[in-house]
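One structure is given below, encoded as structure tokens.
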Amino acid sequence: MTAQIIDGKALAKSLRVKFRERVEALRTAGVQPGLAVILVGDNPASKVYVGNKVKACADCGVASFHHSLAADAAEAEVLALIRRLNADAAVHGILVQLPLPPHIDVRRVIEAIDVNKDVDGFHLYNVGGLVVGNSIFPPCTPYGVELLLETTGIDVAGKNAVVVGASNIVGKPMALMLLQKEATVTVCHAKTRDLAQHTIIADILIVAAGKPGLIVPQMVRHGAIVIDVGINRLPDNSIVGDVDFEGVKMKASWIAPVPGGVGRMTVTMLIENTLRSAELRLGKGHGIGHEGWDAAVIP
Ligand code: GUN
């Protein structure tokens with residue numbers, strides 16, 4: 001068996017066509033959607049990610065407001081900027097690029113963001129919403145994975161879904177979203193003993209561990225759907241995921257490659273959440289149909 005490829009680039013491209021139409025509709029209603037991006041310090045990877053987010057905004061007709069602060073910026077300065085952006089009607093989404101320098105309390109910064117502008121879905125309100133299946137903004141990477149899974153036509157309900165990685169940004173929200181779709185979910189992490197014993201039962205295997213070559217064919221069930229969320233830069237500068245793509249594609253039924261799978265979708269879902277925010281503000285409450293979620297505005 002050779003797996004079919006889950007094409008994140010193609011899905012992102014088709015979603016963005018619809019986004020441009022939604023931007024036009026918003027503009028006609030007098031609203032120019034806008035995203036504020038805050039970068040603290042000069043982490044090279046973060047700079048690239050922020051650059052991609054700003055480019056995606058331009059691609060879809062969303063205004064972007066890029067705020068770069070020095071690595072030694074005080075936490076109070078970041079909080080003051082967030083308060084200004086919370087009050088700015090031109091800003092529908094606020095994103096603080098992580099990681100932050102160690103002298104800044106990440107939770108305090110994220111909790112300062114107005115939940116109605118928390119397009120990353122990291123605020124405790126949105127995280128809590130995931131637990132009960134009602135979040136305004138699902139976090140972008142798992143949200144993108146969910147749409148990629150939909151392209152395979154598989155019904156997630158009743159499937160064994162195994163998530164490798166338990167980060168707040170990917171693994172934990174991913175597990176909650178799969179549970180909401182009635183999968184039987186296992187979460188593996190750095191302390192998991194005998195990882196293969198868990199991955200081998202996966203009908204759906206989502207890997208977000210940040211370890212190149214972690215998942216080899218012997219760990220994968222024949223016919224599994226494999227989504228690789230890892231982004232690792234090798235010494236030769238090439239980018240690879242966490243899955244041995246060439247080996248695993250001979251066993252899987254579907255596989256999302258790196259690059260070309262999840263990466264482009266993460267940025268695309270950020271635009272989706274920003275548009276959703278602008279539409280909610282207009283009272284339209286329209287999104288791309290996130291099944292199982294009731295978009296709600298916080299009073
Ligand atoms: N750092 C790595 N991934 C992300 C993300 O999705 N959002 C933010 N804000 N920072 C990140």
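Lettering and numbering for the structure tokens are positional, with chains as A, B, ... in the shown order, residues counted from 1 in each chain, and ligands counted from 1 in the shown order.
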
Point to revise | 10 Å shell around ligand 1 using only C-alpha atoms and all ligand atoms, listed as a PyMOL selection string | key: chain A and resi 37-39+45-46+49-50+53+94-100+110+118-122+139-142+168-170+266-267+269-270

Practice item. Do a neighbour search on segment 115-117 of chain A at 10 Å with only C-alpha atoms, toss out local chain neighbours closer than 6 positions, and write the hits as an NGL selection string. Key: :A and (35-36 or 85-86 or 91-95 or 123-126 or 136-137 or 273-274 or 276-278 or 280-281 or 296-299)

Exercise for review: Excluding Met174 of chain A and residues on its chain fewer than 5 positions from it, collect all residues at most 12 Å away from it, counting only C-alpha atoms, and give them as an MDAnalysis selection string.
Suggested key: chainID A and resid 127 130:131 138:147 149 161:169 179:181 183 185:187 204:208 227 229

Selected residues written out with C-alpha atoms, as a PDB file, in the first residue's frame:
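Saved result, out_9.pdb, follows:
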```
ATOM      1  CA  VAL A 127      -9.098  26.472  26.377  1.00  0.00           C
ATOM      2  CA  LEU A 130     -12.491  23.116  24.173  1.00  0.00           C
ATOM      3  CA  VAL A 131     -13.269  20.931  27.180  1.00  0.00           C
ATOM      4  CA  PRO A 138     -10.168  26.705  18.230  1.00  0.00           C
ATOM      5  CA  PRO A 139      -6.341  26.828  18.313  1.00  0.00           C
ATOM      6  CA  CYS A 140      -4.987  27.061  14.791  1.00  0.00           C
ATOM      7  CA  THR A 141      -2.771  23.978  14.404  1.00  0.00           C
ATOM      8  CA  PRO A 142      -5.261  21.379  15.713  1.00  0.00           C
ATOM      9  CA  TYR A 143      -8.046  23.201  13.862  1.00  0.00           C
ATOM     10  CA  GLY A 144      -6.033  22.807  10.643  1.00  0.00           C
ATOM     11  CA  VAL A 145      -5.422  19.119  11.398  1.00  0.00           C
ATOM     12  CA  GLU A 146      -9.144  18.629  11.917  1.00  0.00           C
ATOM     13  CA  LEU A 147      -9.896  20.047   8.457  1.00  0.00           C
ATOM     14  CA  LEU A 149      -8.685  14.846   8.462  1.00  0.00           C
ATOM     15  CA  ALA A 161      -6.835   8.394  17.695  1.00  0.00           C
ATOM     16  CA  VAL A 162      -3.337   8.584  19.163  1.00  0.00           C
ATOM     17  CA  VAL A 163      -1.732  11.976  19.713  1.00  0.00           C
ATOM     18  CA  VAL A 164       2.032  11.974  20.272  1.00  0.00           C
ATOM     19  CA  GLY A 165       2.971  15.173  22.106  1.00  0.00           C
ATOM     20  CA  ALA A 166       1.090  16.898  24.924  1.00  0.00           C
ATOM     21  CA  SER A 167       1.894  20.578  24.406  1.00  0.00           C
ATOM     22  CA  ASN A 168      -0.621  23.288  25.238  1.00  0.00           C
ATOM     23  CA  ILE A 169      -0.459  24.532  21.634  1.00  0.00           C
ATOM     24  CA  LEU A 179     -12.658  13.503  21.831  1.00  0.00           C
ATOM     25  CA  GLN A 180     -15.379  16.016  20.928  1.00  0.00           C
ATOM     26  CA  LYS A 181     -15.673  14.148  17.614  1.00  0.00           C
ATOM     27  CA  ALA A 183     -12.745   9.300  18.845  1.00  0.00           C
ATOM     28  CA  VAL A 185      -8.152   9.222  22.313  1.00  0.00           C
ATOM     29  CA  THR A 186      -4.722   8.320  23.687  1.00  0.00           C
ATOM     30  CA  VAL A 187      -2.188  11.048  24.463  1.00  0.00           C
ATOM     31  CA  ILE A 204      -5.507   8.104  13.300  1.00  0.00           C
ATOM     32  CA  LEU A 205      -1.974   9.014  14.371  1.00  0.00           C
ATOM     33  CA  ILE A 206      -1.149  12.674  15.005  1.00  0.00           C
ATOM     34  CA  VAL A 207       2.496  13.382  15.779  1.00  0.00           C
ATOM     35  CA  ALA A 208       3.621  16.657  17.317  1.00  0.00           C
ATOM     36  CA  ILE A 227      -0.647  13.477  10.299  1.00  0.00           C
ATOM     37  CA  VAL A 229       2.787  18.165  12.811  1.00  0.00           C
TER      38      VAL A 229
END
```

Exercise for review: Give the strand (DSSP E or B) residues of segment 112-231 of chain A, as DSSP finds them on the backbone, and put them as a list in words.
Suggested key: Asn160, Ala161, Val162, Val163, Val164, Thr184, Val185, Thr186, Val187, Cys188, Ile204, Leu205, Ile206, Val207, Ile215, Ile225, Val226, Ile227 and Asp228 of chain A

Store the residues picked out above, limited to C-alpha atoms, as an mmCIF file, in the first residue's frame.
```cif
data_model
loop_
_atom_site.group_PDB
_atom_site.id
_atom_site.type_symbol
_atom_site.label_atom_id
_atom_site.label_comp_id
_atom_site.auth_asym_id
_atom_site.auth_seq_id
_atom_site.Cartn_x
_atom_site.Cartn_y
_atom_site.Cartn_z
ATOM 1 C CA ASN A 160 -8.570 5.028 17.865
ATOM 2 C CA ALA A 161 -6.835 8.394 17.695
ATOM 3 C CA VAL A 162 -3.337 8.584 19.163
ATOM 4 C CA VAL A 163 -1.732 11.976 19.713
ATOM 5 C CA VAL A 164 2.032 11.974 20.272
ATOM 6 C CA THR A 184 -11.149 7.086 21.484
ATOM 7 C CA VAL A 185 -8.152 9.222 22.313
ATOM 8 C CA THR A 186 -4.722 8.320 23.687
ATOM 9 C CA VAL A 187 -2.188 11.048 24.463
ATOM 10 C CA CYS A 188 1.489 10.066 24.515
ATOM 11 C CA ILE A 204 -5.507 8.104 13.300
ATOM 12 C CA LEU A 205 -1.974 9.014 14.371
ATOM 13 C CA ILE A 206 -1.149 12.674 15.005
ATOM 14 C CA VAL A 207 2.496 13.382 15.779
ATOM 15 C CA ILE A 215 7.781 7.435 14.104
ATOM 16 C CA ILE A 225 -4.088 7.945 8.743
ATOM 17 C CA VAL A 226 -0.887 9.733 9.766
ATOM 18 C CA ILE A 227 -0.647 13.477 10.299
ATOM 19 C CA ASP A 228 2.823 14.836 10.972
#
```

Exercise for review: Could you tell me which of A:Ile201, A:Cys60, A:Gly129, A:Leu195 comes closest to Lys159 of chain A if we count only C-alpha atoms?
Suggested key: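 Of the candidates, the smallest distance to Lys159 of chain A is held by A:Ile201.
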
Practice item. Could you tell me which of A:Pro101, A:Pro217, A:Gly261, A:Gly241 comes closest to Asp72 of chain A if we count only C-alpha atoms? Key: A:Pro101

Exercise for review: Using atom CA of Gly34 of chain A and atom CA of Ala63 of chain A as the two end points, give the distance in Å to one decimal.
Suggested key: 4.4 Å

**Study point:** Residue list (alpha helix (DSSP H), DSSP) for segment 32-260 of chain A, as a ChimeraX atom specification
**Key:** /A:44-60,75-86,106-112,124-132,140-151,171-180,195-199,245-248

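All residues of protein, DNA or RNA that reach within 8 Å of Ala71 of chain A, judged by only C-alpha atoms and not counting those fewer than 2 positions away in the chain, are Val40, Gly41, Asp42, Leu69, Ala73 and Pro101 of chain A.
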
File of the preceding selection, all heavy atoms, as a short mmCIF file (atom, residue, chain, number, x, y, z; two decimals), in the first residue's frame:
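Wrote it out as again.cif, contents follow:
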```cif
data_model
loop_
_atom_site.label_atom_id
_atom_site.label_comp_id
_atom_site.auth_asym_id
_atom_site.auth_seq_id
_atom_site.Cartn_x
_atom_site.Cartn_y
_atom_site.Cartn_z
N VAL A 40 8.15 39.56 20.51
CA VAL A 40 9.08 40.09 21.52
C VAL A 40 10.41 39.37 21.35
O VAL A 40 10.47 38.15 21.47
CB VAL A 40 8.54 39.88 22.96
CG1 VAL A 40 9.46 40.59 23.96
CG2 VAL A 40 7.12 40.40 23.08
N GLY A 41 11.47 40.16 21.05
CA GLY A 41 12.79 39.55 20.87
C GLY A 41 13.06 39.21 19.43
O GLY A 41 12.29 39.58 18.52
N ASP A 42 14.14 38.45 19.21
CA ASP A 42 14.53 38.19 17.82
C ASP A 42 14.83 36.71 17.56
O ASP A 42 15.77 36.37 16.85
CB ASP A 42 15.70 39.08 17.40
CG ASP A 42 16.75 39.13 18.48
OD1 ASP A 42 16.76 38.19 19.31
OD2 ASP A 42 17.53 40.09 18.51
N LEU A 69 8.87 44.13 19.68
CA LEU A 69 9.43 44.69 20.90
C LEU A 69 10.80 44.05 21.15
O LEU A 69 11.04 42.90 20.75
CB LEU A 69 8.52 44.42 22.10
CG LEU A 69 7.08 44.95 22.02
CD1 LEU A 69 6.34 44.67 23.32
CD2 LEU A 69 7.06 46.45 21.74
N ALA A 73 12.24 43.91 26.57
CA ALA A 73 11.04 44.72 26.86
C ALA A 73 10.41 44.23 28.16
O ALA A 73 10.34 43.02 28.42
CB ALA A 73 10.03 44.60 25.72
N PRO A 101 10.38 35.79 25.92
CA PRO A 101 11.60 35.74 26.74
C PRO A 101 11.26 35.32 28.16
O PRO A 101 10.13 35.59 28.63
CB PRO A 101 12.10 37.19 26.69
CG PRO A 101 11.48 37.79 25.47
CD PRO A 101 10.16 37.09 25.28
#
```

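Here atom CA of Ala256 of chain A is placed at a distance of 6.7 Å from atom CA of Asp7 of chain A.
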
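Nearest to Lys9 of chain A of all the residues A:Cys57, A:Val31, A:Gly213, A:Leu148 is A:Leu148, counting only C-alpha atoms.
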
Exercise for review: Can you work out which one of A:Val258, A:Ile6, A:Val156, A:Ala202 has the shortest atom-to-atom distance to Val240 of chain A, counting only C-alpha atoms?
Suggested key: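 Residue with the minimum atom-to-atom distance to Val240 of chain A: A:Val258.
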
Point to revise | Near-Glu24 of chain A list (12 Å; only C-alpha atoms; drop same-chain fewer than 3 positions) as a PyMOL selection string | key: chain A and resi 17-21+27-33+60-62+275+279

Point to revise | Polymer residues at most 6 Å from Met265 of chain A, only C-alpha atoms, same-chain spacing of 3 or more positions, as a list in words | key: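 Selected residues are Ala12, Gly144, Val262 and Thr268 of chain A.
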
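Going from atom CA of Gly133 of chain A over to atom CA of Gly8 of chain A, you cover 24.8 Å.
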